[in-house]
Amino acid sequence: MFKEFNWVLDLIYPRRCPVCDGPVKAFEFKNGRITRGGFIHRRCLKKIEYVRGPLCQKCGKPLGRNSTEEYCEDCRRTGHFFDRGFSVFVYRSISGSIYRFKYLGRKEYADFYGLATKKRLGKKLKNLGIEAIVPVPMYREKERRRGYNQAEVYAGAVSEFLGIPVETGLVRRVRNTAPMKELDVVRRRNNLKKAFIMPQNDVKFKCVLIIDDIYTTGSTIDEIAHEFRVAGVEKIYFLTLAIGQTT
Ligand SMILES: [Zn+2]
Ligand SMILES: [Zn+2]
């Protein structure tokens, strides 16, 4: 029912390609039959770089082709509260796309992001025993102004193929933090102090997956992972759309 409704919507408002933002055809001719168009131009798909090994065994950051290290420099220096992280894209190859997804209302990109996540990490994620998907929450006022939380939109697409529910009531953002890109690492950590609380002391889940759009220093995800640790959650994983690469 919803799927058919979406077909009609795609005809009226052509969906946009997550790489170039140009319109993507709602229908395509394939082997003499009409099929539904994809989410992305074929030529644009080639421009995207996926995260591939060797990877940091903690945060999942690509270490560079010839690296023999087990962890990235950041994870060797700083302890983390999460167990393990996974990301789909190398940030520089998809930064413009994520910007539009975040600030310009391109929620439809989540369909492609979800599909790419399923292809790259679906099997791995299914074997982790995840019971709940937790998008990094936005400060309520900020979300109201933007109209949506991009992490939650992405989490919805991941939830769909994993068949695991999104839980938005577990963590709440109680402080509006300054944009992270304007701060250095130390100030980022302080900036996030007590930015998140858990409204219920009791978390019934033993294994959770925190979802965000970008992994930079990991301080945001760590702050939430710390809250889950205190609440007795045993396994804490994260998934982000994109992560930087060690050069
Ligand atoms: Zn394109
Ligand atoms: Zn790392």
# chains A, B, ... in the order shown; residues from 1 in each chain; ligands from 1
>>> residues_around(residues="segment 14-18 of chain A", least_positions_apart="2", cutoff="9 Å", atoms="only C-alpha atoms", output="PDB file with N, CA and C atoms, in the first residue's frame")
ATOM      1  N   LEU A   9       4.071   9.206  -5.847  1.00  0.00           N
ATOM      2  CA  LEU A   9       4.808  10.387  -5.386  1.00  0.00           C
ATOM      3  C   LEU A   9       6.055  10.636  -6.218  1.00  0.00           C
ATOM      4  N   ASP A  10       6.735   9.556  -6.594  1.00  0.00           N
ATOM      5  CA  ASP A  10       7.960   9.688  -7.381  1.00  0.00           C
ATOM      6  C   ASP A  10       7.677  10.270  -8.765  1.00  0.00           C
ATOM      7  N   LEU A  11       6.483  10.023  -9.277  1.00  0.00           N
ATOM      8  CA  LEU A  11       6.107  10.575 -10.580  1.00  0.00           C
ATOM      9  C   LEU A  11       5.861  12.071 -10.477  1.00  0.00           C
ATOM     10  N   ILE A  12       5.221  12.465  -9.403  1.00  0.00           N
ATOM     11  CA  ILE A  12       4.878  13.880  -9.240  1.00  0.00           C
ATOM     12  C   ILE A  12       6.100  14.691  -8.817  1.00  0.00           C
ATOM     13  N   CYS A  20      24.513  13.847  -6.997  1.00  0.00           N
ATOM     14  CA  CYS A  20      24.523  15.106  -7.760  1.00  0.00           C
ATOM     15  C   CYS A  20      23.280  15.954  -7.512  1.00  0.00           C
ATOM     16  N   ASP A  21      22.300  15.391  -6.839  1.00  0.00           N
ATOM     17  CA  ASP A  21      21.039  16.066  -6.528  1.00  0.00           C
ATOM     18  C   ASP A  21      20.159  16.309  -7.754  1.00  0.00           C
ATOM     19  N   GLY A  22      20.533  15.750  -8.888  1.00  0.00           N
ATOM     20  CA  GLY A  22      19.686  15.846 -10.079  1.00  0.00           C
ATOM     21  C   GLY A  22      18.526  14.870  -9.970  1.00  0.00           C
ATOM     22  N   PRO A  23      17.447  15.088 -10.759  1.00  0.00           N
ATOM     23  CA  PRO A  23      16.303  14.177 -10.675  1.00  0.00           C
ATOM     24  C   PRO A  23      16.632  12.764 -11.153  1.00  0.00           C
ATOM     25  N   VAL A  24      16.051  11.788 -10.501  1.00  0.00           N
ATOM     26  CA  VAL A  24      16.225  10.387 -10.887  1.00  0.00           C
ATOM     27  C   VAL A  24      14.899   9.921 -11.456  1.00  0.00           C
ATOM     28  N   LYS A  25      14.945   9.238 -12.604  1.00  0.00           N
ATOM     29  CA  LYS A  25      13.717   8.788 -13.264  1.00  0.00           C
ATOM     30  C   LYS A  25      12.920   7.839 -12.375  1.00  0.00           C
ATOM     31  N   ALA A  26      11.607   8.052 -12.357  1.00  0.00           N
ATOM     32  CA  ALA A  26      10.758   7.180 -11.545  1.00  0.00           C
ATOM     33  C   ALA A  26      10.640   5.786 -12.150  1.00  0.00           C
ATOM     34  N   PHE A  39      17.483   4.676  -6.958  1.00  0.00           N
ATOM     35  CA  PHE A  39      17.541   5.825  -6.059  1.00  0.00           C
ATOM     36  C   PHE A  39      18.678   6.769  -6.427  1.00  0.00           C
ATOM     37  N   ILE A  40      19.515   6.338  -7.369  1.00  0.00           N
ATOM     38  CA  ILE A  40      20.744   7.075  -7.647  1.00  0.00           C
ATOM     39  C   ILE A  40      21.132   6.844  -9.110  1.00  0.00           C
ATOM     40  N   HIS A  41      21.782   7.826  -9.739  1.00  0.00           N
ATOM     41  CA  HIS A  41      22.278   7.627 -11.111  1.00  0.00           C
ATOM     42  C   HIS A  41      23.394   6.587 -11.092  1.00  0.00           C
ATOM     43  N   CYS A  44      26.722   8.142 -10.940  1.00  0.00           N
ATOM     44  CA  CYS A  44      27.031   8.776  -9.654  1.00  0.00           C
ATOM     45  C   CYS A  44      27.424   7.743  -8.599  1.00  0.00           C
ATOM     46  N   ILE A  94      31.125  11.696   0.169  1.00  0.00           N
ATOM     47  CA  ILE A  94      29.674  11.806   0.331  1.00  0.00           C
ATOM     48  C   ILE A  94      29.280  13.022   1.182  1.00  0.00           C
ATOM     49  N   GLY A  96      28.861  16.253   0.590  1.00  0.00           N
ATOM     50  CA  GLY A  96      27.832  17.145   0.061  1.00  0.00           C
ATOM     51  C   GLY A  96      26.450  16.537   0.206  1.00  0.00           C
ATOM     52  N   SER A  97      26.379  15.240  -0.036  1.00  0.00           N
ATOM     53  CA  SER A  97      25.125  14.504   0.079  1.00  0.00           C
ATOM     54  C   SER A  97      24.590  14.567   1.511  1.00  0.00           C
ATOM     55  N   ILE A  98      25.468  14.330   2.462  1.00  0.00           N
ATOM     56  CA  ILE A  98      25.048  14.342   3.862  1.00  0.00           C
ATOM     57  C   ILE A  98      24.629  15.747   4.292  1.00  0.00           C
ATOM     58  N   ARG A 100      23.140  17.962   2.421  1.00  0.00           N
ATOM     59  CA  ARG A 100      21.776  18.202   1.921  1.00  0.00           C
ATOM     60  C   ARG A 100      20.748  17.354   2.674  1.00  0.00           C
ATOM     61  N   PHE A 101      21.160  16.151   3.043  1.00  0.00           N
ATOM     62  CA  PHE A 101      20.301  15.251   3.818  1.00  0.00           C
ATOM     63  C   PHE A 101      19.969  15.879   5.177  1.00  0.00           C
ATOM     64  N   ARG A 106      16.549  16.803   2.237  1.00  0.00           N
ATOM     65  CA  ARG A 106      16.582  15.655   1.316  1.00  0.00           C
ATOM     66  C   ARG A 106      16.465  14.324   2.074  1.00  0.00           C
ATOM     67  N   GLU A 108      14.691  11.880   1.353  1.00  0.00           N
ATOM     68  CA  GLU A 108      14.562  10.739   0.438  1.00  0.00           C
ATOM     69  C   GLU A 108      15.893  10.011   0.232  1.00  0.00           C
ATOM     70  N   TYR A 109      17.019  10.704   0.500  1.00  0.00           N
ATOM     71  CA  TYR A 109      18.324  10.045   0.355  1.00  0.00           C
ATOM     72  C   TYR A 109      18.416   8.817   1.266  1.00  0.00           C
ATOM     73  N   ALA A 110      17.632   8.818   2.329  1.00  0.00           N
ATOM     74  CA  ALA A 110      17.689   7.720   3.304  1.00  0.00           C
ATOM     75  C   ALA A 110      17.405   6.366   2.649  1.00  0.00           C
ATOM     76  N   PHE A 112      18.406   5.377  -0.340  1.00  0.00           N
ATOM     77  CA  PHE A 112      19.678   4.900  -0.882  1.00  0.00           C
ATOM     78  C   PHE A 112      20.650   4.546   0.241  1.00  0.00           C
ATOM     79  N   TYR A 113      20.730   5.409   1.258  1.00  0.00           N
ATOM     80  CA  TYR A 113      21.632   5.143   2.386  1.00  0.00           C
ATOM     81  C   TYR A 113      21.297   3.780   3.033  1.00  0.00           C
TER      82      TYR A 113
END
>>> residues_near_ligand(ligand="ligand 2", cutoff="6 Å", atoms="only C-alpha atoms and all ligand atoms", output="ChimeraX atom specification")
/A:56,58-61,71-72,74-75
>>> select_by_dssp(residues="segment 218-247 of chain A", states="alpha helix (DSSP H)", output="list in words")
Ser219, Thr220, Ile221, Asp222, Glu223, Ile224, Ala225, His226, Glu227, Phe228, Arg229 and Val230 of chain A
>>> write_last_selection(atoms="N, CA and C atoms", output="tab-separated table (two decimals), in the first residue's frame")
chain	number	residue	atom	x	y	z
A	219	SER	N	32.96	11.67	20.24
A	219	SER	CA	32.55	12.15	21.56
A	219	SER	C	31.04	12.12	21.78
A	220	THR	N	30.28	12.40	20.76
A	220	THR	CA	28.82	12.36	20.90
A	220	THR	C	28.36	10.93	21.19
A	221	ILE	N	28.85	9.99	20.40
A	221	ILE	CA	28.45	8.60	20.57
A	221	ILE	C	28.95	8.05	21.90
A	222	ASP	N	30.16	8.47	22.30
A	222	ASP	CA	30.71	8.04	23.59
A	222	ASP	C	29.85	8.49	24.76
A	223	GLU	N	29.38	9.71	24.65
A	223	GLU	CA	28.56	10.26	25.73
A	223	GLU	C	27.29	9.42	25.93
A	224	ILE	N	26.68	9.04	24.83
A	224	ILE	CA	25.47	8.22	24.90
A	224	ILE	C	25.83	6.80	25.33
A	225	ALA	N	26.92	6.28	24.80
A	225	ALA	CA	27.36	4.92	25.17
A	225	ALA	C	27.64	4.85	26.67
A	226	HIS	N	28.20	5.92	27.21
A	226	HIS	CA	28.48	5.97	28.65
A	226	HIS	C	27.18	5.84	29.45
A	227	GLU	N	26.16	6.56	29.02
A	227	GLU	CA	24.85	6.48	29.70
A	227	GLU	C	24.30	5.05	29.65
A	228	PHE	N	24.45	4.41	28.51
A	228	PHE	CA	23.97	3.02	28.37
A	228	PHE	C	24.77	2.07	29.26
A	229	ARG	N	26.07	2.29	29.34
A	229	ARG	CA	26.93	1.45	30.21
A	229	ARG	C	26.44	1.52	31.65
A	230	VAL	N	26.24	2.77	32.11
A	230	VAL	CA	25.79	3.00	33.48
A	230	VAL	C	24.45	2.30	33.71
>>> closest_residue(among="A:Met198, A:Ser93, A:Gly105, A:Glu160", to="Val174 of chain A", atoms="only C-alpha atoms")
A:Met198
>>> atom_distance(atom1="atom CA of Val90 of chain A", atom2="atom CA of Arg52 of chain A")
8.8 Å
>>> select_by_dssp(residues="segment 58-205 of chain A", states="strand (DSSP E or B)", output="ChimeraX atom specification")
/A:62,84-90,132-135,166,172-173,196-197
>>> residues_around(residues="Phe238 of chain A", least_positions_apart="4", cutoff="12 Å", atoms="only C-alpha atoms", output="PyMOL selection string")
chain A and resi 58-60+80-88+125+128+130+132-136+151+155+207-215+218+220-222+224-225+242-243
